[in-house]
>>> print(open('protein-v2.pdb').read())   # PDB, C-alpha atoms, pLDDT in the B column
MODEL        1
ATOM      1  CA  ILE P 147      35.617 -69.480  18.496  1.00 41.00           C
ATOM      2  CA  GLU P 148      32.107 -70.614  17.702  1.00 49.00           C
ATOM      3  CA  MET P 149      29.711 -70.401  20.631  1.00 78.00           C
ATOM      4  CA  SER P 150      28.596 -73.585  22.340  1.00 87.00           C
ATOM      5  CA  PRO P 151      25.245 -74.891  21.065  1.00 89.00           C
ATOM      6  CA  PHE P 152      24.231 -75.259  24.710  1.00 89.00           C
ATOM      7  CA  THR P 153      24.381 -71.511  25.331  1.00 87.00           C
ATOM      8  CA  GLY P 154      21.057 -69.724  25.872  1.00 86.00           C
ATOM      9  CA  LEU P 155      18.952 -72.749  26.818  1.00 89.00           C
ATOM     10  CA  ALA P 156      15.500 -72.175  28.282  1.00 90.00           C
ATOM     11  CA  PRO P 157      15.926 -72.204  32.099  1.00 91.00           C
ATOM     12  CA  ASP P 158      15.334 -75.565  33.804  1.00 93.00           C
ATOM     13  CA  LYS P 159      14.758 -77.421  30.525  1.00 93.00           C
ATOM     14  CA  LEU P 160      16.874 -80.563  30.229  1.00 96.00           C
ATOM     15  CA  VAL P 161      18.236 -81.371  26.762  1.00 95.00           C
ATOM     16  CA  THR P 162      20.697 -83.769  25.174  1.00 95.00           C
ATOM     17  CA  LEU P 163      22.829 -83.262  22.121  1.00 91.00           C
ATOM     18  CA  ALA P 164      20.250 -85.007  19.908  1.00 91.00           C
ATOM     19  CA  ASP P 165      17.645 -82.368  20.860  1.00 93.00           C
ATOM     20  CA  ILE P 166      19.805 -79.600  19.414  1.00 91.00           C
ATOM     21  CA  LEU P 167      22.065 -80.890  16.635  1.00 92.00           C
ATOM     22  CA  SER P 168      22.448 -83.851  14.348  1.00 93.00           C
ATOM     23  CA  GLU P 169      25.588 -85.930  14.877  1.00 93.00           C
ATOM     24  CA  THR P 170      26.979 -84.649  11.559  1.00 94.00           C
ATOM     25  CA  ASP P 171      26.481 -80.995  12.529  1.00 93.00           C
ATOM     26  CA  TRP P 172      27.951 -81.663  15.975  1.00 94.00           C
ATOM     27  CA  ARG P 173      31.110 -83.201  14.545  1.00 93.00           C
ATOM     28  CA  ALA P 174      31.431 -80.317  12.085  1.00 92.00           C
ATOM     29  CA  SER P 175      31.041 -77.593  14.740  1.00 91.00           C
ATOM     30  CA  GLN P 176      34.109 -75.634  15.720  1.00 90.00           C
ATOM     31  CA  TYR P 177      33.123 -75.896  19.387  1.00 90.00           C
ATOM     32  CA  TYR P 178      33.243 -79.692  19.193  1.00 93.00           C
ATOM     33  CA  ARG P 179      36.499 -79.761  17.270  1.00 91.00           C
ATOM     34  CA  ASP P 180      38.326 -77.188  19.416  1.00 90.00           C
ATOM     35  CA  TRP P 181      36.986 -77.905  22.890  1.00 90.00           C
ATOM     36  CA  CYS P 182      35.154 -81.216  23.176  1.00 93.00           C
ATOM     37  CA  ALA P 183      37.048 -83.672  20.980  1.00 93.00           C
ATOM     38  CA  PRO P 184      40.454 -82.897  22.587  1.00 93.00           C
ATOM     39  CA  ARG P 185      38.919 -83.592  26.007  1.00 93.00           C
ATOM     40  CA  GLY P 186      37.136 -86.774  25.055  1.00 94.00           C
ATOM     41  CA  VAL P 187      33.664 -85.226  25.233  1.00 95.00           C
ATOM     42  CA  PHE P 188      31.054 -86.421  22.757  1.00 96.00           C
ATOM     43  CA  HIS P 189      27.660 -87.059  24.394  1.00 96.00           C
ATOM     44  CA  VAL P 190      26.271 -84.105  26.335  1.00 96.00           C
ATOM     45  CA  MET P 191      23.249 -83.677  28.626  1.00 96.00           C
ATOM     46  CA  ALA P 192      22.660 -80.084  29.650  1.00 95.00           C
ATOM     47  CA  VAL P 193      20.369 -77.831  31.655  1.00 95.00           C
ATOM     48  CA  ASP P 194      20.575 -74.177  32.723  1.00 94.00           C
ATOM     49  CA  ILE P 195      19.329 -73.870  36.306  1.00 94.00           C
ATOM     50  CA  GLY P 196      17.550 -70.592  37.092  1.00 90.00           C
ATOM     51  CA  THR P 197      17.817 -69.192  40.634  1.00 89.00           C
ATOM     52  CA  ARG P 198      15.498 -66.824  42.488  1.00 84.00           C
ATOM     53  CA  ASP P 199      17.771 -63.834  41.850  1.00 79.00           C
ATOM     54  CA  GLY P 200      17.559 -64.316  38.090  1.00 82.00           C
ATOM     55  CA  GLY P 201      20.939 -66.038  37.862  1.00 85.00           C
ATOM     56  CA  ILE P 202      21.601 -68.917  35.466  1.00 89.00           C
ATOM     57  CA  TYR P 203      23.927 -71.803  36.356  1.00 91.00           C
ATOM     58  CA  GLY P 204      24.884 -74.255  33.630  1.00 92.00           C
ATOM     59  CA  PHE P 205      24.907 -77.956  34.550  1.00 94.00           C
ATOM     60  CA  ARG P 206      26.500 -80.325  32.012  1.00 95.00           C
ATOM     61  CA  VAL P 207      26.964 -84.114  32.084  1.00 96.00           C
ATOM     62  CA  THR P 208      29.257 -85.594  29.426  1.00 96.00           C
ATOM     63  CA  ARG P 209      30.413 -88.957  28.106  1.00 96.00           C
ATOM     64  CA  PRO P 210      33.120 -89.992  25.639  1.00 96.00           C
ATOM     65  CA  GLU P 211      32.264 -91.149  22.154  1.00 94.00           C
ATOM     66  CA  GLY P 212      32.696 -94.832  23.031  1.00 93.00           C
ATOM     67  CA  ALA P 213      30.004 -94.642  25.738  1.00 95.00           C
ATOM     68  CA  PRO P 214      26.286 -95.020  24.950  1.00 95.00           C
ATOM     69  CA  PRO P 215      24.177 -91.869  24.412  1.00 94.00           C
ATOM     70  CA  PHE P 216      22.144 -90.617  27.360  1.00 95.00           C
ATOM     71  CA  SER P 217      18.975 -92.683  27.724  1.00 95.00           C
ATOM     72  CA  GLU P 218      15.533 -91.656  28.897  1.00 95.00           C
ATOM     73  CA  ALA P 219      16.368 -93.259  32.252  1.00 96.00           C
ATOM     74  CA  ASP P 220      19.459 -91.015  32.461  1.00 96.00           C
ATOM     75  CA  ARG P 221      17.293 -88.000  31.715  1.00 95.00           C
ATOM     76  CA  ASP P 222      14.767 -88.985  34.395  1.00 96.00           C
ATOM     77  CA  LEU P 223      17.546 -89.374  36.960  1.00 96.00           C
ATOM     78  CA  CYS P 224      18.904 -85.922  36.105  1.00 95.00           C
ATOM     79  CA  ARG P 225      15.420 -84.394  36.308  1.00 95.00           C
ATOM     80  CA  ARG P 226      15.039 -85.799  39.833  1.00 95.00           C
ATOM     81  CA  LEU P 227      18.375 -84.273  40.788  1.00 95.00           C
ATOM     82  CA  LEU P 228      17.596 -80.782  39.463  1.00 95.00           C
ATOM     83  CA  PRO P 229      15.230 -79.587  42.272  1.00 94.00           C
ATOM     84  CA  HIS P 230      17.917 -80.436  44.840  1.00 95.00           C
ATOM     85  CA  LEU P 231      20.569 -78.526  42.891  1.00 94.00           C
ATOM     86  CA  LYS P 232      18.232 -75.548  42.601  1.00 93.00           C
ATOM     87  CA  ARG P 233      17.550 -75.562  46.347  1.00 93.00           C
ATOM     88  CA  ALA P 234      21.272 -75.796  47.092  1.00 93.00           C
ATOM     89  CA  LEU P 235      22.028 -72.838  44.803  1.00 90.00           C
ATOM     90  CA  ASN P 236      19.230 -70.730  46.312  1.00 89.00           C
ATOM     91  CA  LEU P 237      20.423 -71.600  49.830  1.00 89.00           C
ATOM     92  CA  HIS P 238      23.967 -70.598  48.874  1.00 86.00           C
ATOM     93  CA  LEU P 239      22.647 -67.279  47.538  1.00 82.00           C
ATOM     94  CA  SER P 240      20.631 -66.662  50.726  1.00 81.00           C
ATOM     95  CA  ILE P 241      23.615 -67.349  52.992  1.00 82.00           C
ATOM     96  CA  ASN P 242      25.902 -65.073  50.992  1.00 77.00           C
ATOM     97  CA  GLN P 243      23.243 -62.352  50.890  1.00 73.00           C
ATOM     98  CA  ASP P 244      22.806 -62.581  54.682  1.00 71.00           C
ATOM     99  CA  ARG P 245      26.575 -62.306  55.106  1.00 74.00           C
ATOM    100  CA  ARG P 246      26.708 -59.237  52.877  1.00 73.00           C
ATOM    101  CA  VAL P 247      23.809 -57.603  54.763  1.00 69.00           C
ATOM    102  CA  ASN P 248      25.421 -58.403  58.134  1.00 70.00           C
ATOM    103  CA  SER P 249      28.718 -56.986  56.906  1.00 70.00           C
ATOM    104  CA  LEU P 250      26.931 -53.838  55.762  1.00 69.00           C
ATOM    105  CA  TYR P 251      25.171 -53.457  59.132  1.00 70.00           C
ATOM    106  CA  SER P 252      28.413 -54.049  60.994  1.00 68.00           C
ATOM    107  CA  HIS P 253      30.203 -51.419  58.917  1.00 68.00           C
ATOM    108  CA  ALA P 254      27.360 -48.937  59.393  1.00 66.00           C
ATOM    109  CA  MET P 255      27.299 -49.507  63.164  1.00 62.00           C
ATOM    110  CA  ALA P 256      31.050 -48.963  63.355  1.00 61.00           C
ATOM    111  CA  GLN P 257      30.709 -45.699  61.444  1.00 64.00           C
ATOM    112  CA  LEU P 258      28.007 -44.578  63.898  1.00 67.00           C
ATOM    113  CA  MET P 259      30.304 -45.510  66.819  1.00 72.00           C
ATOM    114  CA  VAL P 260      27.789 -48.023  68.171  1.00 84.00           C
ATOM    115  CA  GLY P 261      29.227 -50.952  70.094  1.00 89.00           C
ATOM    116  CA  VAL P 262      27.452 -54.297  69.879  1.00 90.00           C
ATOM    117  CA  ILE P 263      28.115 -57.101  72.380  1.00 92.00           C
ATOM    118  CA  VAL P 264      26.429 -60.476  71.876  1.00 91.00           C
ATOM    119  CA  LEU P 265      25.929 -62.712  74.921  1.00 91.00           C
ATOM    120  CA  ASP P 266      25.181 -66.428  74.907  1.00 88.00           C
ATOM    121  CA  GLU P 267      22.405 -68.189  76.826  1.00 85.00           C
ATOM    122  CA  GLN P 268      24.521 -68.111  80.005  1.00 88.00           C
ATOM    123  CA  GLY P 269      25.044 -64.357  79.707  1.00 90.00           C
ATOM    124  CA  LEU P 270      28.705 -64.727  78.723  1.00 92.00           C
ATOM    125  CA  VAL P 271      30.254 -62.609  75.993  1.00 93.00           C
ATOM    126  CA  LEU P 272      30.108 -64.400  72.662  1.00 89.00           C
ATOM    127  CA  GLU P 273      31.415 -61.655  70.393  1.00 90.00           C
ATOM    128  CA  CYS P 274      31.950 -57.895  70.128  1.00 90.00           C
ATOM    129  CA  ASN P 275      32.076 -55.619  67.135  1.00 87.00           C
ATOM    130  CA  GLY P 276      35.077 -53.315  66.682  1.00 86.00           C
ATOM    131  CA  MET P 277      33.600 -50.369  68.560  1.00 88.00           C
ATOM    132  CA  ALA P 278      32.498 -52.517  71.511  1.00 91.00           C
ATOM    133  CA  GLN P 279      35.996 -53.982  71.732  1.00 92.00           C
ATOM    134  CA  VAL P 280      37.452 -50.488  72.030  1.00 92.00           C
ATOM    135  CA  ILE P 281      34.925 -49.574  74.743  1.00 93.00           C
ATOM    136  CA  VAL P 282      35.546 -52.595  76.970  1.00 94.00           C
ATOM    137  CA  GLU P 283      39.318 -52.363  76.538  1.00 95.00           C
ATOM    138  CA  GLN P 284      39.173 -48.808  77.909  1.00 94.00           C
ATOM    139  CA  ALA P 285      37.429 -50.212  81.035  1.00 94.00           C
ATOM    140  CA  ASP P 286      35.876 -46.784  81.454  1.00 95.00           C
ATOM    141  CA  GLY P 287      32.451 -47.762  82.781  1.00 96.00           C
ATOM    142  CA  LEU P 288      32.204 -51.156  81.044  1.00 96.00           C
ATOM    143  CA  ARG P 289      34.588 -54.094  80.994  1.00 96.00           C
ATOM    144  CA  VAL P 290      34.641 -57.830  80.372  1.00 95.00           C
ATOM    145  CA  VAL P 291      35.764 -59.978  83.312  1.00 94.00           C
ATOM    146  CA  GLY P 292      35.857 -63.745  82.864  1.00 92.00           C
ATOM    147  CA  LYS P 293      33.702 -63.412  79.713  1.00 92.00           C
ATOM    148  CA  GLN P 294      31.048 -61.520  81.677  1.00 94.00           C
ATOM    149  CA  LEU P 295      30.104 -57.947  80.853  1.00 96.00           C
ATOM    150  CA  GLU P 296      30.284 -55.744  83.943  1.00 96.00           C
ATOM    151  CA  ALA P 297      29.784 -52.090  84.796  1.00 96.00           C
ATOM    152  CA  THR P 298      32.416 -50.349  86.923  1.00 95.00           C
ATOM    153  CA  TYR P 299      30.077 -49.009  89.609  1.00 96.00           C
ATOM    154  CA  ALA P 300      28.095 -51.430  91.788  1.00 96.00           C
ATOM    155  CA  ASN P 301      24.695 -49.795  91.254  1.00 96.00           C
ATOM    156  CA  ASP P 302      25.179 -49.729  87.494  1.00 96.00           C
ATOM    157  CA  ASN P 303      26.376 -53.319  87.505  1.00 96.00           C
ATOM    158  CA  ARG P 304      23.374 -54.567  89.503  1.00 96.00           C
ATOM    159  CA  LYS P 305      21.020 -52.925  87.025  1.00 96.00           C
ATOM    160  CA  LEU P 306      23.007 -54.246  84.046  1.00 96.00           C
ATOM    161  CA  GLN P 307      22.927 -57.831  85.323  1.00 95.00           C
ATOM    162  CA  ARG P 308      19.189 -57.552  86.042  1.00 94.00           C
ATOM    163  CA  LEU P 309      18.527 -56.332  82.498  1.00 93.00           C
ATOM    164  CA  VAL P 310      20.546 -59.223  81.078  1.00 93.00           C
ATOM    165  CA  ARG P 311      18.692 -61.766  83.251  1.00 91.00           C
ATOM    166  CA  ASP P 312      15.329 -60.304  82.268  1.00 89.00           C
ATOM    167  CA  ALA P 313      16.250 -60.411  78.586  1.00 87.00           C
ATOM    168  CA  MET P 314      17.226 -64.085  78.855  1.00 86.00           C
ATOM    169  CA  ALA P 315      14.182 -65.125  80.903  1.00 84.00           C
ATOM    170  CA  PRO P 316      11.714 -67.394  79.019  1.00 77.00           C
ATOM    171  CA  LYS P 317       8.735 -65.523  77.595  1.00 69.00           C
ATOM    172  CA  ALA P 318       5.180 -66.793  77.593  1.00 64.00           C
ATOM    173  CA  ALA P 319       3.521 -67.342  74.238  1.00 60.00           C
ATOM    174  CA  GLY P 320       2.497 -64.005  72.773  1.00 57.00           C
ATOM    175  CA  GLN P 321       4.465 -62.029  75.351  1.00 60.00           C
ATOM    176  CA  VAL P 322       6.468 -59.210  73.816  1.00 59.00           C
ATOM    177  CA  ALA P 323      10.094 -58.932  74.916  1.00 63.00           C
ATOM    178  CA  LEU P 324      10.801 -55.447  76.245  1.00 70.00           C
ATOM    179  CA  ILE P 325      13.819 -53.453  75.150  1.00 78.00           C
ATOM    180  CA  GLU P 326      15.326 -51.744  78.189  1.00 84.00           C
ATOM    181  CA  ALA P 327      17.999 -49.078  78.384  1.00 89.00           C
ATOM    182  CA  MET P 328      20.218 -47.642  81.087  1.00 93.00           C
ATOM    183  CA  SER P 329      22.952 -45.086  81.589  1.00 94.00           C
ATOM    184  CA  VAL P 330      26.402 -46.349  82.598  1.00 96.00           C
ATOM    185  CA  SER P 331      28.616 -43.882  84.491  1.00 96.00           C
ATOM    186  CA  ARG P 332      32.280 -43.599  83.529  1.00 95.00           C
ATOM    187  CA  PRO P 333      35.112 -43.130  86.101  1.00 96.00           C
ATOM    188  CA  SER P 334      36.821 -40.747  83.660  1.00 95.00           C
ATOM    189  CA  GLY P 335      33.980 -38.285  84.140  1.00 94.00           C
ATOM    190  CA  ARG P 336      33.133 -38.346  80.449  1.00 93.00           C
ATOM    191  CA  VAL P 337      29.558 -38.535  79.199  1.00 92.00           C
ATOM    192  CA  SER P 338      27.913 -41.759  80.370  1.00 93.00           C
ATOM    193  CA  TRP P 339      27.483 -44.678  78.038  1.00 93.00           C
ATOM    194  CA  GLY P 340      23.941 -45.324  76.857  1.00 93.00           C
ATOM    195  CA  LEU P 341      23.324 -49.080  76.993  1.00 94.00           C
ATOM    196  CA  VAL P 342      20.404 -51.013  75.477  1.00 92.00           C
ATOM    197  CA  VAL P 343      19.684 -54.654  76.321  1.00 91.00           C
ATOM    198  CA  GLN P 344      17.622 -56.632  73.838  1.00 87.00           C
ATOM    199  CA  ALA P 345      16.991 -60.351  73.403  1.00 84.00           C
ATOM    200  CA  MET P 346      17.752 -61.799  69.980  1.00 77.00           C
ATOM    201  CA  ALA P 347      14.861 -63.673  68.388  1.00 65.00           C
ATOM    202  CA  PRO P 348      15.479 -67.427  68.828  1.00 60.00           C
ATOM    203  CA  ASP P 349      15.206 -69.887  65.979  1.00 56.00           C
ATOM    204  CA  ARG P 350      15.506 -73.653  65.678  1.00 50.00           C
ATOM    205  CA  TRP P 351      19.274 -73.392  65.199  1.00 48.00           C
TER     206      TRP P 351
ENDMDL
END
>>> encode(input="protein-v2.pdb", output="structure tokens")
Amino acid sequence: IEMSPFTGLAPDKLVTLADILSETDWRASQYYRDWCAPRGVFHVMAVDIGTRDGGIYGFRVTRPEGAPPFSEADRDLCRRLLPHLKRALNLHLSINQDRRVNSLYSHAMAQLMVGVIVLDEQGLVLECNGMAQVIVEQADGLRVVGKQLEATYANDNRKLQRLVRDAMAPKAAGQVALIEAMSVSRPSGRVSWGLVVQAMAPDRW
């Protein structure tokens, strides 16, 4: 099947059918006969949107033969729409990339047998990775009670709660948040857990 005449456009350059082919050549093309005519497509406005990762996304607007060709006003409207489409595509790429990176980190942490527990602004457990879930379910030094992370022994628990409170305390402008660590004893007599408390950087969300 003959390739579409709209393949390989210069990125972000809006064109209509008249910019590429005469009406006679368009009607004679195999692409038009096999794909467009059976679907009622005659007039075409096209642009290939380039994204920051080098990707190309084709955007096509079509009309049937009985409709008027795309006017300059139609082209201007499409040109105003293009920056918004480009931003949406780049945002989609960023979100998916962040998800892939987070998935990679999560997998790596699990392989290293590192448990991660995320607390909300009230100090309640928001989520645990797989390794952390195993640790708290054992209740061997650390456990979750009423959505609150606790250490088994009173002295350890007092220190743990202090570290959590300190991490959540508001910081003055320019003040660096400290990363503190502690050892958590285990009733089983096994090697103590090493626990690090660190505040996550806030953002406007």
>>> resolve_selection(input="protein-v2.pdb", expression="the PyMOL selection byres ((chain P and resi 161) around 10)", output="ChimeraX atom specification")
/P:152,155-156,158-160,162-166,190-194,206,221
>>> resolve_selection(input="protein-v2.pdb", expression="the PyMOL selection byres ((chain P and resi 274) around 8)", output="ChimeraX atom specification")
/P:261-264,271-273,275-279
>>> resolve_selection(input="protein-v2.pdb", expression="the PyMOL selection byres ((chain P and resi 189) around 6)", output="MDAnalysis selection string")
chainID P and resid 188 190 208:209 215
>>> closest_residue(input="protein-v2.pdb", among="P:Thr197, P:Asn303, P:Ser217, P:Thr298", to="P:Lys232", atoms="all atoms listed in the file")
P:Thr197
>>> closest_residue(input="protein-v2.pdb", among="P:Thr170, P:Thr153, P:Asn242, P:Ser175", to="P:Phe205", atoms="only C-alpha atoms")
P:Thr153
>>> closest_residue(input="protein-v2.pdb", among="P:Asp312, P:Asp266, P:Asp286, P:Asp302", to="P:Arg332", atoms="only C-alpha atoms")
P:Asp286
>>> closest_residue(input="protein-v2.pdb", among="P:Gly212, P:Arg185, P:Gly201, P:Val280", to="P:Leu239", atoms="all atoms listed in the file")
P:Gly201
>>> atom_distance(input="protein-v2.pdb", atom1="atom CA of P:Gly335", atom2="atom CA of P:Glu283")
16.9 Å
>>> closest_residue(input="protein-v2.pdb", among="P:Glu211, P:Ile202, P:Ser168, P:Leu237", to="P:Pro184", atoms="only C-alpha atoms")
P:Glu211
>>> axis_aligned_box(input="protein-v2.pdb", around="stretch 205-215 of chain P", padding_each_side="4 Å", output="AutoDock Vina command-line options")
--center_x 28.6 --center_y -86.5 --center_z 28.4 --size_x 16.9 --size_y 25.1 --size_z 20.4
>>> atom_distance(input="protein-v2.pdb", atom1="atom CA of P:Asp220", atom2="atom CA of P:Pro151")
20.6 Å
>>> closest_residue(input="protein-v2.pdb", among="P:Leu270, P:Cys182, P:Ile195, P:Val337", to="P:Val310", atoms="all atoms listed in the file")
P:Leu270
>>> residues_near_point(input="protein-v2.pdb", point="(34.8, -48.3, 82.7)", cutoff="10 Å", atoms="only C-alpha atoms", output="MDAnalysis selection string")
chainID P and resid 281:290 296:299 330:334 338:339
>>> atom_distance(input="protein-v2.pdb", atom1="atom CA of P:Gly204", atom2="atom CA of P:Arg246")
24.5 Å
